file input-v4.csv (CSV, C-alpha atoms)
chain,number,residue,atom,x,y,z
A,1,MET,CA,18.7,-81.3,-39.3
A,2,ASP,CA,20.8,-78.9,-41.2
A,3,LEU,CA,18.1,-76.4,-40.8
A,4,PHE,CA,18.0,-76.8,-37.1
A,5,ILE,CA,21.8,-76.4,-36.8
A,6,VAL,CA,21.7,-73.3,-39.0
A,7,SER,CA,18.9,-72.0,-37.0
A,8,ARG,CA,20.7,-72.5,-33.7
A,9,SER,CA,23.9,-71.1,-34.9
A,10,HIS,CA,21.9,-68.2,-36.4
A,11,SER,CA,20.2,-67.6,-33.1
A,12,ALA,CA,23.5,-67.7,-31.2
A,13,ALA,CA,25.1,-65.4,-33.6
A,14,TYR,CA,22.4,-62.7,-33.4
A,15,HIS,CA,21.4,-63.0,-29.8
A,16,PRO,CA,24.0,-60.5,-28.4
A,17,ASP,CA,22.9,-57.9,-31.0
A,18,ARG,CA,19.3,-58.3,-30.0
A,19,ARG,CA,20.2,-57.9,-26.4
A,20,HIS,CA,22.1,-54.7,-27.2
A,21,ALA,CA,19.2,-53.4,-29.2
A,22,LEU,CA,16.9,-54.1,-26.3
A,23,TRP,CA,19.2,-52.4,-23.9
A,24,LEU,CA,19.6,-49.4,-26.2
A,25,SER,CA,15.9,-49.0,-26.6
A,26,THR,CA,15.3,-49.3,-22.9
A,27,VAL,CA,17.9,-46.6,-22.2
A,28,LEU,CA,16.4,-44.4,-24.9
A,29,ILE,CA,13.0,-44.8,-23.4
A,30,CYS,CA,14.3,-43.9,-20.0
A,31,PHE,CA,16.0,-40.8,-21.4
A,32,SER,CA,12.9,-39.8,-23.3
A,33,LEU,CA,10.9,-40.1,-20.1
A,34,THR,CA,13.3,-38.0,-18.0
A,35,ALA,CA,14.0,-35.4,-20.7
A,36,PRO,CA,10.9,-33.2,-20.1
A,37,ALA,CA,11.6,-33.2,-16.3
A,38,GLN,CA,15.1,-32.0,-17.0
A,39,GLN,CA,13.9,-29.4,-19.4
A,40,THR,CA,11.4,-28.0,-16.9
A,41,SER,CA,13.9,-27.8,-14.1
A,42,GLN,CA,16.3,-26.1,-16.4
A,43,ARG,CA,13.7,-23.5,-17.4
A,44,GLY,CA,13.0,-22.8,-13.7
A,45,ASP,CA,16.6,-22.4,-12.8
A,46,THR,CA,17.9,-20.4,-15.7
A,47,ARG,CA,14.9,-18.1,-16.4
A,48,ALA,CA,16.3,-14.7,-17.3
A,49,PRO,CA,15.7,-12.0,-14.8
A,50,PHE,CA,13.1,-9.4,-15.9
A,51,SER,CA,13.4,-5.7,-15.0
A,52,THR,CA,11.6,-2.5,-15.9
A,53,ARG,CA,11.5,1.1,-14.8
A,54,ALA,CA,8.8,1.9,-12.3
A,55,THR,CA,7.6,4.4,-9.8
A,56,HIS,CA,6.8,3.1,-6.4
A,57,LEU,CA,3.6,4.8,-5.3
A,58,LEU,CA,3.1,3.1,-1.9
A,59,GLY,CA,3.3,0.0,0.2
A,60,PHE,CA,6.3,-2.0,-1.1
A,61,ALA,CA,8.4,-3.2,1.8
A,62,ASN,CA,10.6,-0.3,3.0
A,63,ALA,CA,10.8,1.5,-0.3
A,64,ARG,CA,10.3,5.3,-0.3
A,65,ASP,CA,6.9,6.4,-1.6
A,66,ASN,CA,6.8,8.1,-5.0
A,67,GLY,CA,10.4,6.9,-5.7
A,68,THR,CA,11.5,6.0,-9.2
A,69,GLY,CA,13.7,2.9,-9.7
A,70,THR,CA,13.9,-0.5,-11.2
A,71,LEU,CA,11.4,-3.2,-10.6
A,72,SER,CA,12.8,-6.6,-11.3
A,73,VAL,CA,11.8,-10.3,-11.0
A,74,GLN,CA,14.9,-12.3,-10.1
A,75,GLY,CA,15.0,-15.8,-8.9
A,76,ASP,CA,12.3,-16.2,-6.2
A,77,SER,CA,12.0,-12.6,-5.4
A,78,LEU,CA,10.5,-9.4,-6.6
A,79,GLN,CA,12.9,-6.5,-6.1
A,80,PHE,CA,12.6,-2.7,-6.3
A,81,GLN,CA,15.9,-0.8,-6.5
A,82,GLN,CA,15.6,2.9,-6.1
A,83,ASN,CA,18.2,5.2,-7.6
A,84,GLY,CA,21.1,5.3,-5.3
A,85,ARG,CA,19.4,3.5,-2.5
A,86,PRO,CA,19.6,-0.1,-1.2
A,87,GLY,CA,17.0,-2.4,-2.9
A,88,THR,CA,14.0,-3.9,-1.1
A,89,GLU,CA,12.5,-7.3,-2.0
A,90,VAL,CA,9.5,-9.5,-1.4
A,91,LYS,CA,9.5,-13.2,-2.0
A,92,ILE,CA,7.3,-14.2,-5.0
A,93,ALA,CA,5.8,-17.0,-2.9
A,94,SER,CA,4.3,-14.4,-0.6
A,95,VAL,CA,2.5,-12.5,-3.4
A,96,ARG,CA,-1.2,-13.4,-3.2
A,97,ASP,CA,-2.6,-11.4,-6.0
A,98,VAL,CA,-1.8,-9.1,-8.9
A,99,PHE,CA,-4.1,-6.4,-10.4
A,100,LEU,CA,-3.6,-4.2,-13.3
A,101,GLY,CA,-5.0,-0.7,-13.8
A,102,GLY,CA,-4.5,2.3,-15.9
A,103,GLU,CA,-4.3,6.0,-15.2
A,104,SER,CA,-3.7,9.2,-17.1
A,105,LYS,CA,-1.5,11.6,-15.3
A,106,GLN,CA,-0.1,15.1,-16.0
A,107,VAL,CA,3.6,15.1,-16.8
A,108,GLY,CA,6.3,17.4,-15.4
A,109,GLY,CA,5.5,17.2,-11.7
A,110,LEU,CA,5.5,20.2,-9.4
A,111,PRO,CA,7.7,22.5,-11.5
A,112,MET,CA,5.4,22.1,-14.5
A,113,THR,CA,2.3,22.6,-12.4
A,114,LEU,CA,3.7,25.8,-11.0
A,115,GLY,CA,4.7,27.0,-14.5
A,116,LYS,CA,1.2,26.3,-15.8
A,117,THR,CA,-0.4,28.1,-12.9
A,118,VAL,CA,1.6,31.3,-13.5
A,119,ALA,CA,1.3,31.2,-17.3
A,120,PRO,CA,-0.7,34.2,-18.6
A,121,PHE,CA,-4.0,34.1,-20.5
A,122,GLY,CA,-4.8,30.6,-19.5
A,123,GLY,CA,-1.8,29.2,-21.4
A,124,GLY,CA,-1.2,26.7,-18.6
A,125,ARG,CA,-4.6,25.1,-19.3
A,126,VAL,CA,-3.9,24.7,-22.9
A,127,VAL,CA,-0.6,23.0,-22.1
A,128,SER,CA,-2.5,20.7,-19.7
A,129,VAL,CA,-4.6,19.4,-22.5
A,130,PHE,CA,-1.5,17.9,-24.2
A,131,ALA,CA,0.8,17.4,-21.2
A,132,HIS,CA,-0.6,14.1,-20.0
A,133,LYS,CA,0.5,10.5,-20.3
A,134,LYS,CA,-1.1,7.2,-19.7
A,135,TYR,CA,0.5,4.7,-17.3
A,136,ASP,CA,-0.2,1.2,-16.1
A,137,THR,CA,-0.7,0.7,-12.4
A,138,LEU,CA,0.4,-2.6,-10.9
A,139,THR,CA,-1.2,-3.4,-7.6
A,140,LEU,CA,0.2,-6.3,-5.6
A,141,GLN,CA,-1.2,-8.0,-2.5
A,142,TYR,CA,1.4,-9.9,-0.4
A,143,VAL,CA,1.7,-11.2,3.1
A,144,ASP,CA,4.5,-10.7,5.7
A,145,ALA,CA,5.9,-13.3,8.0
A,146,ASP,CA,2.9,-12.9,10.4
A,147,GLN,CA,0.5,-13.4,7.5
A,148,GLY,CA,-0.5,-9.7,7.7
A,149,ILE,CA,-1.7,-8.4,4.4
A,150,HIS,CA,0.2,-5.7,2.6
A,151,GLY,CA,-0.6,-3.9,-0.6
A,152,ALA,CA,1.8,-2.2,-3.0
A,153,ILE,CA,1.2,0.0,-6.0
A,154,PHE,CA,3.6,0.7,-8.8
A,155,GLN,CA,3.3,3.0,-11.8
A,156,LEU,CA,4.8,1.7,-15.0
A,157,ALA,CA,5.0,2.7,-18.6
A,158,LYS,CA,2.0,1.7,-20.7
A,159,GLY,CA,2.2,-2.0,-21.6
A,160,GLN,CA,4.8,-2.9,-19.0
A,161,GLY,CA,2.3,-3.8,-16.3
A,162,GLU,CA,1.1,-6.7,-18.4
A,163,LEU,CA,4.7,-8.0,-18.8
A,164,VAL,CA,5.4,-7.9,-15.1
A,165,LYS,CA,2.1,-9.7,-14.4
A,166,SER,CA,2.8,-12.4,-16.9
A,167,GLU,CA,6.3,-12.8,-15.4
A,168,LEU,CA,4.9,-13.2,-11.9
A,169,ILE,CA,2.3,-15.7,-13.1
A,170,ALA,CA,5.0,-17.7,-14.9
A,171,ARG,CA,6.8,-17.9,-11.6
A,172,GLY,CA,3.8,-19.3,-9.8
A,173,VAL,CA,1.8,-16.4,-8.6
A,174,THR,CA,-1.9,-17.2,-8.7
A,175,VAL,CA,-4.2,-14.5,-9.8
A,176,SER,CA,-7.8,-14.3,-8.6
A,177,SER,CA,-10.6,-14.4,-11.1
A,178,HIS,CA,-11.2,-10.6,-11.3
A,179,GLN,CA,-11.1,-8.4,-14.3
A,180,ASP,CA,-8.2,-6.0,-14.7
A,181,GLN,CA,-9.4,-2.4,-15.0
A,182,THR,CA,-6.8,-1.2,-17.6
A,183,THR,CA,-9.1,-1.1,-20.6
A,184,GLU,CA,-12.2,-0.3,-18.7
A,185,GLU,CA,-10.7,2.6,-16.7
A,186,SER,CA,-8.8,4.0,-19.7
A,187,ALA,CA,-12.0,4.1,-21.8
A,188,THR,CA,-14.0,5.8,-19.1
A,189,GLU,CA,-11.3,8.4,-18.5
A,190,ALA,CA,-10.9,9.0,-22.2
A,191,THR,CA,-14.6,9.6,-22.5
A,192,ARG,CA,-14.6,12.0,-19.6
A,193,GLU,CA,-11.6,13.9,-21.0
A,194,ASN,CA,-13.2,14.2,-24.4
A,195,LYS,CA,-16.4,15.7,-23.0
B,1,MET,CA,18.9,58.6,57.2
B,2,LYS,CA,21.5,56.9,55.1
B,3,THR,CA,21.1,53.7,57.1
B,4,SER,CA,17.3,53.7,56.5
B,5,LYS,CA,17.8,54.1,52.8
B,6,CYS,CA,20.2,51.2,52.8
B,7,ASN,CA,17.7,49.0,54.7
B,8,LEU,CA,15.0,49.9,52.2
B,9,SER,CA,17.1,49.0,49.2
B,10,ILE,CA,18.0,45.7,50.9
B,11,ALA,CA,14.3,45.0,51.6
B,12,CYS,CA,13.5,45.7,48.0
B,13,LEU,CA,16.2,43.4,46.8
B,14,ILE,CA,15.0,40.6,49.0
B,15,ALA,CA,11.4,41.1,47.8
B,16,LEU,CA,12.6,41.1,44.1
B,17,VAL,CA,14.6,37.9,44.7
B,18,ALA,CA,11.6,36.3,46.4
B,19,ILE,CA,9.3,37.3,43.4
B,20,VAL,CA,11.8,35.9,40.9
B,21,PHE,CA,12.0,32.5,42.7
B,22,ALA,CA,8.3,32.3,43.5
B,23,VAL,CA,6.8,33.2,40.0
B,24,PRO,CA,8.5,30.5,37.9
B,25,GLY,CA,7.5,27.9,40.6
B,26,GLN,CA,3.9,29.1,40.3
B,27,LEU,CA,4.2,29.0,36.5
B,28,PHE,CA,5.7,25.5,36.6
B,29,GLY,CA,2.8,24.4,38.8
B,30,GLN,CA,0.4,25.8,36.2
B,31,THR,CA,2.1,24.0,33.4
B,32,ALA,CA,2.1,20.7,35.3
B,33,ALA,CA,-1.6,21.1,36.0
B,34,ALA,CA,-2.3,21.8,32.4
B,35,GLU,CA,-0.3,18.8,31.3
B,36,SER,CA,-2.1,16.5,33.6
B,37,SER,CA,-5.4,17.7,32.4
B,38,ALA,CA,-4.3,17.1,28.8
B,39,GLY,CA,-2.9,13.8,29.8
B,40,ASP,CA,-6.4,12.8,31.0
B,41,ARG,CA,-7.5,12.8,27.4
B,42,THR,CA,-5.3,9.8,26.8
B,43,PRO,CA,-7.3,6.6,27.4
B,44,ALA,CA,-6.6,4.8,30.6
B,45,THR,CA,-6.7,1.5,28.7
B,46,ARG,CA,-4.4,1.5,25.7
B,47,TRP,CA,-6.3,-0.3,22.8
B,48,SER,CA,-4.8,-1.8,19.7
B,49,VAL,CA,-6.5,-1.8,16.4
B,50,GLN,CA,-6.7,-4.2,13.5
B,51,VAL,CA,-7.3,-2.6,10.2
B,52,ASP,CA,-9.4,-4.8,7.9
B,53,GLN,CA,-9.2,-4.6,4.1
B,54,VAL,CA,-11.5,-2.1,2.5
B,55,GLU,CA,-14.7,-3.5,1.2
B,56,SER,CA,-16.0,-2.1,-2.1
B,57,GLY,CA,-19.6,-2.7,-1.1
B,58,ASN,CA,-21.9,-1.9,-4.1
B,59,VAL,CA,-19.4,0.6,-5.5
B,60,ASP,CA,-17.2,-0.1,-8.5
B,61,LEU,CA,-14.0,0.9,-6.7
B,62,ALA,CA,-10.7,0.1,-8.4
B,63,TYR,CA,-8.6,-2.3,-6.4
B,64,SER,CA,-5.7,0.1,-6.4
B,65,PHE,CA,-7.9,2.5,-4.5
B,66,GLN,CA,-8.9,-0.2,-1.9
B,67,ILE,CA,-5.3,-1.1,-1.3
B,68,ALA,CA,-4.3,2.6,-1.2
B,69,ILE,CA,-6.9,3.4,1.5
B,70,TYR,CA,-5.9,0.3,3.5
B,71,GLU,CA,-2.2,1.2,3.4
B,72,ASN,CA,-2.8,4.9,4.1
B,73,LEU,CA,-5.0,4.0,7.0
B,74,ILE,CA,-2.2,2.0,8.6
B,75,VAL,CA,0.2,4.9,8.2
B,76,GLU,CA,-2.2,7.5,9.5
B,77,LEU,CA,-3.4,5.5,12.5
B,78,ASN,CA,0.3,4.9,13.5
B,79,LYS,CA,0.9,8.6,13.3
B,80,THR,CA,-1.9,9.4,15.7
B,81,LYS,CA,-0.2,7.3,18.5
B,82,GLN,CA,-3.8,6.7,19.8
B,83,PHE,CA,-3.4,3.0,19.7
B,84,GLN,CA,-0.8,0.8,21.3
B,85,GLN,CA,-0.4,-1.3,18.2
B,86,VAL,CA,-1.8,-1.2,14.7
B,87,PHE,CA,-2.3,-4.7,13.2
B,88,ARG,CA,-2.8,-5.6,9.6
B,89,ASP,CA,-5.7,-7.7,8.3
B,90,GLY,CA,-4.8,-11.4,8.6
B,91,ASP,CA,-2.0,-10.9,11.2
B,92,VAL,CA,-1.8,-14.0,13.3
B,93,THR,CA,-0.2,-12.2,16.2
B,94,VAL,CA,-3.4,-10.3,16.9
B,95,SER,CA,-4.8,-13.2,18.8
B,96,GLU,CA,-2.1,-12.8,21.5
B,97,ALA,CA,-3.0,-9.1,22.0
B,98,ARG,CA,-5.6,-7.9,24.5
B,99,ASN,CA,-8.0,-5.0,24.0
B,100,VAL,CA,-8.2,-5.1,20.2
B,101,LEU,CA,-10.6,-3.1,18.2
B,102,VAL,CA,-11.4,-3.8,14.5
B,103,LEU,CA,-11.6,-1.0,11.9
B,104,LYS,CA,-13.9,-1.9,9.1
B,105,THR,CA,-14.1,0.4,6.1
B,106,THR,CA,-16.8,0.1,3.4
B,107,ALA,CA,-17.0,2.2,0.3
B,108,GLU,CA,-20.3,4.0,-0.1
B,109,LYS,CA,-19.8,6.4,-2.9
B,110,TYR,CA,-17.0,6.9,-5.5
B,111,THR,CA,-16.8,9.6,-8.1
B,112,PRO,CA,-13.9,8.9,-10.4
B,113,GLY,CA,-12.1,12.1,-11.4
B,114,SER,CA,-9.5,13.1,-14.0
B,115,GLU,CA,-6.2,14.8,-13.3
B,116,THR,CA,-6.2,16.3,-16.8
B,117,ARG,CA,-9.7,17.6,-16.4
B,118,ARG,CA,-8.8,19.2,-13.1
B,119,ALA,CA,-5.8,20.9,-14.6
B,120,VAL,CA,-7.7,22.2,-17.6
B,121,THR,CA,-10.9,23.4,-16.0
B,122,THR,CA,-10.0,23.7,-12.2
B,123,VAL,CA,-13.6,23.4,-11.2
B,124,SER,CA,-14.4,19.9,-12.5
B,125,GLY,CA,-12.8,16.5,-12.5
B,126,ALA,CA,-12.6,16.0,-8.8
B,127,THR,CA,-12.1,12.5,-7.4
B,128,LYS,CA,-14.5,11.9,-4.5
B,129,LEU,CA,-14.7,9.1,-2.1
B,130,THR,CA,-17.2,8.4,0.7
B,131,VAL,CA,-16.8,5.5,3.1
B,132,ARG,CA,-18.5,4.2,6.2
B,133,SER,CA,-15.9,3.6,8.8
B,134,GLN,CA,-16.8,1.4,11.8
B,135,LEU,CA,-14.7,0.7,14.9
B,136,LEU,CA,-15.9,-2.6,16.5
B,137,THR,CA,-14.9,-4.7,19.4
B,138,ARG,CA,-13.9,-8.3,18.9
B,139,GLU,CA,-17.4,-9.3,19.9
B,140,GLY,CA,-18.8,-7.2,17.0
B,141,LYS,CA,-20.1,-4.3,19.1
B,142,VAL,CA,-19.9,-1.0,17.2
B,143,VAL,CA,-18.0,1.5,19.2
B,144,LEU,CA,-17.7,4.3,16.6
B,145,GLU,CA,-19.4,4.7,13.3
B,146,HIS,CA,-18.8,7.6,10.9
B,147,THR,CA,-19.3,8.4,7.3
B,148,VAL,CA,-16.1,10.0,6.1
B,149,ASN,CA,-15.2,11.8,2.8
B,150,GLY,CA,-11.9,12.2,1.0
B,151,ASP,CA,-11.4,14.0,-2.2
B,152,VAL,CA,-8.8,15.6,-4.5
B,153,ARG,CA,-10.1,18.8,-6.2
B,154,PHE,CA,-7.2,20.8,-7.6
B,155,PHE,CA,-3.7,19.4,-7.6
B,156,GLY,CA,-2.5,15.9,-7.3
B,157,SER,CA,-3.2,12.5,-8.7
B,158,ASN,CA,-6.5,10.6,-8.2
B,159,LEU,CA,-4.9,8.3,-5.6
B,160,ARG,CA,-4.3,11.4,-3.4
B,161,ALA,CA,-8.0,11.1,-2.5
B,162,THR,CA,-7.2,7.9,-0.6
B,163,HIS,CA,-4.5,9.7,1.5
B,164,ASN,CA,-6.9,12.5,2.4
B,165,LEU,CA,-9.6,10.0,3.2
B,166,ALA,CA,-7.3,8.0,5.5
B,167,ARG,CA,-6.2,11.1,7.3
B,168,ASN,CA,-9.8,12.2,7.8
B,169,ILE,CA,-10.7,8.7,9.3
B,170,ALA,CA,-7.7,8.9,11.7
B,171,LYS,CA,-8.8,12.4,12.6
B,172,THR,CA,-12.3,11.3,13.3
B,173,ILE,CA,-11.1,8.5,15.6
B,174,THR,CA,-8.8,10.8,17.5
B,175,GLN,CA,-11.4,13.5,18.0
B,176,SER,CA,-14.2,11.2,18.9
B,177,SER,CA,-15.6,11.1,22.5
B,178,TRP,CA,-14.7,7.4,22.6
B,179,SER,CA,-11.1,8.3,22.1
B,180,SER,CA,-11.1,10.4,25.3
B,181,SER,CA,-13.1,8.0,27.4
B,182,GLY,CA,-11.1,5.0,26.4
B,183,GLN,CA,-14.0,2.7,27.0
B,184,PRO,CA,-15.9,1.1,24.2
B,185,THR,CA,-19.3,1.5,25.9
B,186,THR,CA,-20.9,4.2,23.8
B,187,THR,CA,-21.7,4.2,20.2
B,188,VAL,CA,-20.7,7.4,18.5
B,189,THR,CA,-22.1,8.0,15.0
B,190,GLY,CA,-21.7,11.0,12.8
B,191,GLN,CA,-20.4,12.4,9.6
B,192,LEU,CA,-17.2,14.2,8.6

call {"tool": "encode", "arguments": {"input": "input-v4.csv", "output": "structure tokens"}}
result
Amino acid sequence: MDLFIVSRSHSAAYHPDRRHALWLSTVLICFSLTAPAQQTSQRGDTRAPFSTRATHLLGFANARDNGTGTLSVQGDSLQFQQNGRPGTEVKIASVRDVFLGGESKQVGGLPMTLGKTVAPFGGGRVVSVFAHKKYDTLTLQYVDADQGIHGAIFQLAKGQGELVKSELIARGVTVSSHQDQTTEESATEATRENK
Amino acid sequence: MKTSKCNLSIACLIALVAIVFAVPGQLFGQTAAAESSAGDRTPATRWSVQVDQVESGNVDLAYSFQIAIYENLIVELNKTKQFQQVFRDGDVTVSEARNVLVLKTTAEKYTPGSETRRAVTTVSGATKLTVRSQLLTREGKVVLEHTVNGDVRFFGSNLRATHNLARNIAKTITQSSWSSSGQPTTTVTGQL
């Protein structure tokens, strides 16, 4: 009898605590379930903008061909801001594919070319052997409002192309199962140049 | 005597004035005739063209080259003013347009070059491109077929070959006999 009373009183005494513990654990489980979702949305919203120097070769919105500027991935758009000109942008959602390539180019542009041409005793040719630099080429395929296909090519410093591509993939761009030609092309070109 | 001299000079003056007024009119007439004959070269029916993406065929052509040819083609075809409208591949508004031709470009040969090699040797390192360019009707009838070359031999980057190629394709279309007839009834084949 005593035992029964003790047991009842014991149960009565500890029942609210149990209930609190149950509530607490339920709330904790709920929090733990919703936490990853919150984390994902935060990542999507506060992803730091990415930008790099690039030369626009052709095809990107209304940007001037062969213009140098800043290529940036901000929010839901890919922007190209040329020096002293208004920027142009393309929605990342409209980008259909991204390709990487590599190319070796002569540095110095037209003035250097002219200088090398007039240099006596073939001095310009000797300069040409050393005056070249390797670049990444980033080729984008995107569609306009009428679903018409556009292509754009950017020239970036070596290694930057891969970063832009990864950034675009992280923001939802799907890349077709093709092989980028960076390594392949560079190797071929290097072989040709060494001949 | 004096009166006859005066009459003669008046007659000369009238003749001069008549010549001055008559000759420009005649010249104007000639110019107009020449313009109308040149205008006859413009097709009676204005066609539009849809540029398809470049197919690499059996050639290992870099994707940047395919895109560069495609984009340069659109620019060069717009420059010719030969077509009423130049549509891109995949454009949904093309279904609303009448008299549309399709331009298909397939790579046939590609010799990758090197800008450095060109700069050092001058005679080697050229980038060469050869494509088969077909202009078809919507029903698939070939109106114009040409093999066109584009290359960069001395100065400029490798991608410049795509610009030269696109310009050559546009030139071929402009100069073709189809272009002057304006009717896609004959098949013109050739090489540039």

call {"tool": "closest_residue", "arguments": {"input": "input-v4.csv", "among": "B:Leu136, B:Leu73, B:Ala170, B:Leu159", "to": "B:Leu103", "atoms": "all atoms listed in the file"}}
result
B:Leu136

call {"tool": "residues_around", "arguments": {"input": "input-v4.csv", "residues": "A:Asp97", "least_positions_apart": "5", "cutoff": "6 Å", "atoms": "all atoms listed in the file", "output": "PyMOL selection string"}}
result
chain A and resi 140-141+175

call {"tool": "write_last_selection", "arguments": {"input": "input-v4.csv", "atoms": "C-alpha atoms", "output": "PDB file, keeping the file's coordinate frame"}}
result
ATOM      1  CA  LEU A 140       0.200  -6.300  -5.600  1.00  0.00           C
ATOM      2  CA  GLN A 141      -1.200  -8.000  -2.500  1.00  0.00           C
ATOM      3  CA  VAL A 175      -4.200 -14.500  -9.800  1.00  0.00           C
TER       4      VAL A 175
END

call {"tool": "atom_distance", "arguments": {"input": "input-v4.csv", "atom1": "atom CA of B:Val54", "atom2": "atom CA of B:Arg132"}}
result
10.1 Å

call {"tool": "interface_residues", "arguments": {"input": "input-v4.csv", "of": "chain A", "to": "chain B", "cutoff": "8 Å", "atoms": "only C-alpha atoms", "output": "list in words"}}
result
Leu58, Gly59, Phe99, Gly101, Ser104, Lys105, Gln106, Gly124, Arg125, Val126, Ser128, Val129, His132, Thr137, Thr139, Asp146, Gln147, Gly148, Ile149, His150, Gly151, Ala152, Ile153, Gln181, Glu189, Arg192 and Glu193 of chain A

call {"tool": "closest_residue", "arguments": {"input": "input-v4.csv", "among": "A:Val107, A:Ala170, A:Ala145, A:Leu57", "to": "A:Lys91", "atoms": "only C-alpha atoms"}}
result
A:Ala145

call {"tool": "residues_around", "arguments": {"input": "input-v4.csv", "residues": "B:Ser56", "least_positions_apart": "2", "cutoff": "6 Å", "atoms": "all atoms listed in the file", "output": "PyMOL selection string"}}
result
chain B and resi 59+61+106-107

call {"tool": "write_last_selection", "arguments": {"input": "input-v4.csv", "atoms": "C-alpha atoms", "output": "PDB file, in the coordinates of the input"}}
result
ATOM      1  CA  VAL B  59     -19.400   0.600  -5.500  1.00  0.00           C
ATOM      2  CA  LEU B  61     -14.000   0.900  -6.700  1.00  0.00           C
ATOM      3  CA  THR B 106     -16.800   0.100   3.400  1.00  0.00           C
ATOM      4  CA  ALA B 107     -17.000   2.200   0.300  1.00  0.00           C
TER       5      ALA B 107
END

call {"tool": "atom_distance", "arguments": {"input": "input-v4.csv", "atom1": "atom CA of B:His163", "atom2": "atom CA of B:Glu76"}}
result
8.6 Å

call {"tool": "atom_distance", "arguments": {"input": "input-v4.csv", "atom1": "atom CA of B:Asn78", "atom2": "atom CA of A:Phe60"}}
result
17.2 Å

call {"tool": "build_atoms", "arguments": {"input": "input-v4.csv", "residues": "stretch 84-95 of chain A", "atoms": "N, CA and C atoms", "output": "PDB file, in the coordinates of the input"}}
result
ATOM      1  N   GLY A  84      20.213   4.954  -6.346  1.00  0.00           N
ATOM      2  CA  GLY A  84      21.100   5.300  -5.300  1.00  0.00           C
ATOM      3  C   GLY A  84      20.751   4.893  -3.886  1.00  0.00           C
ATOM      4  N   ARG A  85      19.838   3.954  -3.776  1.00  0.00           N
ATOM      5  CA  ARG A  85      19.400   3.500  -2.500  1.00  0.00           C
ATOM      6  C   ARG A  85      19.456   1.946  -2.452  1.00  0.00           C
ATOM      7  N   PRO A  86      19.615   1.329  -1.273  1.00  0.00           N
ATOM      8  CA  PRO A  86      19.600  -0.100  -1.200  1.00  0.00           C
ATOM      9  C   PRO A  86      18.237  -0.690  -1.655  1.00  0.00           C
ATOM     10  N   GLY A  87      18.255  -1.809  -2.368  1.00  0.00           N
ATOM     11  CA  GLY A  87      17.000  -2.400  -2.900  1.00  0.00           C
ATOM     12  C   GLY A  87      16.186  -3.065  -1.795  1.00  0.00           C
ATOM     13  N   THR A  88      14.910  -3.184  -2.063  1.00  0.00           N
ATOM     14  CA  THR A  88      14.000  -3.900  -1.100  1.00  0.00           C
ATOM     15  C   THR A  88      13.378  -5.043  -1.943  1.00  0.00           C
ATOM     16  N   GLU A  89      13.067  -6.121  -1.255  1.00  0.00           N
ATOM     17  CA  GLU A  89      12.500  -7.300  -2.000  1.00  0.00           C
ATOM     18  C   GLU A  89      11.422  -7.978  -1.219  1.00  0.00           C
ATOM     19  N   VAL A  90      10.586  -8.660  -1.969  1.00  0.00           N
ATOM     20  CA  VAL A  90       9.500  -9.500  -1.400  1.00  0.00           C
ATOM     21  C   VAL A  90       9.553 -10.811  -2.128  1.00  0.00           C
ATOM     22  N   LYS A  91       9.422 -11.895  -1.381  1.00  0.00           N
ATOM     23  CA  LYS A  91       9.500 -13.200  -2.000  1.00  0.00           C
ATOM     24  C   LYS A  91       8.222 -13.413  -2.879  1.00  0.00           C
ATOM     25  N   ILE A  92       8.447 -13.956  -4.038  1.00  0.00           N
ATOM     26  CA  ILE A  92       7.300 -14.200  -5.000  1.00  0.00           C
ATOM     27  C   ILE A  92       6.291 -15.094  -4.361  1.00  0.00           C
ATOM     28  N   ALA A  93       6.750 -16.033  -3.549  1.00  0.00           N
ATOM     29  CA  ALA A  93       5.800 -17.000  -2.900  1.00  0.00           C
ATOM     30  C   ALA A  93       4.838 -16.285  -1.983  1.00  0.00           C
ATOM     31  N   SER A  94       5.210 -15.086  -1.495  1.00  0.00           N
ATOM     32  CA  SER A  94       4.300 -14.400  -0.600  1.00  0.00           C
ATOM     33  C   SER A  94       3.303 -13.492  -1.301  1.00  0.00           C
ATOM     34  N   VAL A  95       3.454 -13.373  -2.622  1.00  0.00           N
ATOM     35  CA  VAL A  95       2.500 -12.500  -3.400  1.00  0.00           C
ATOM     36  C   VAL A  95       1.216 -13.325  -3.569  1.00  0.00           C
TER      37      VAL A  95
END
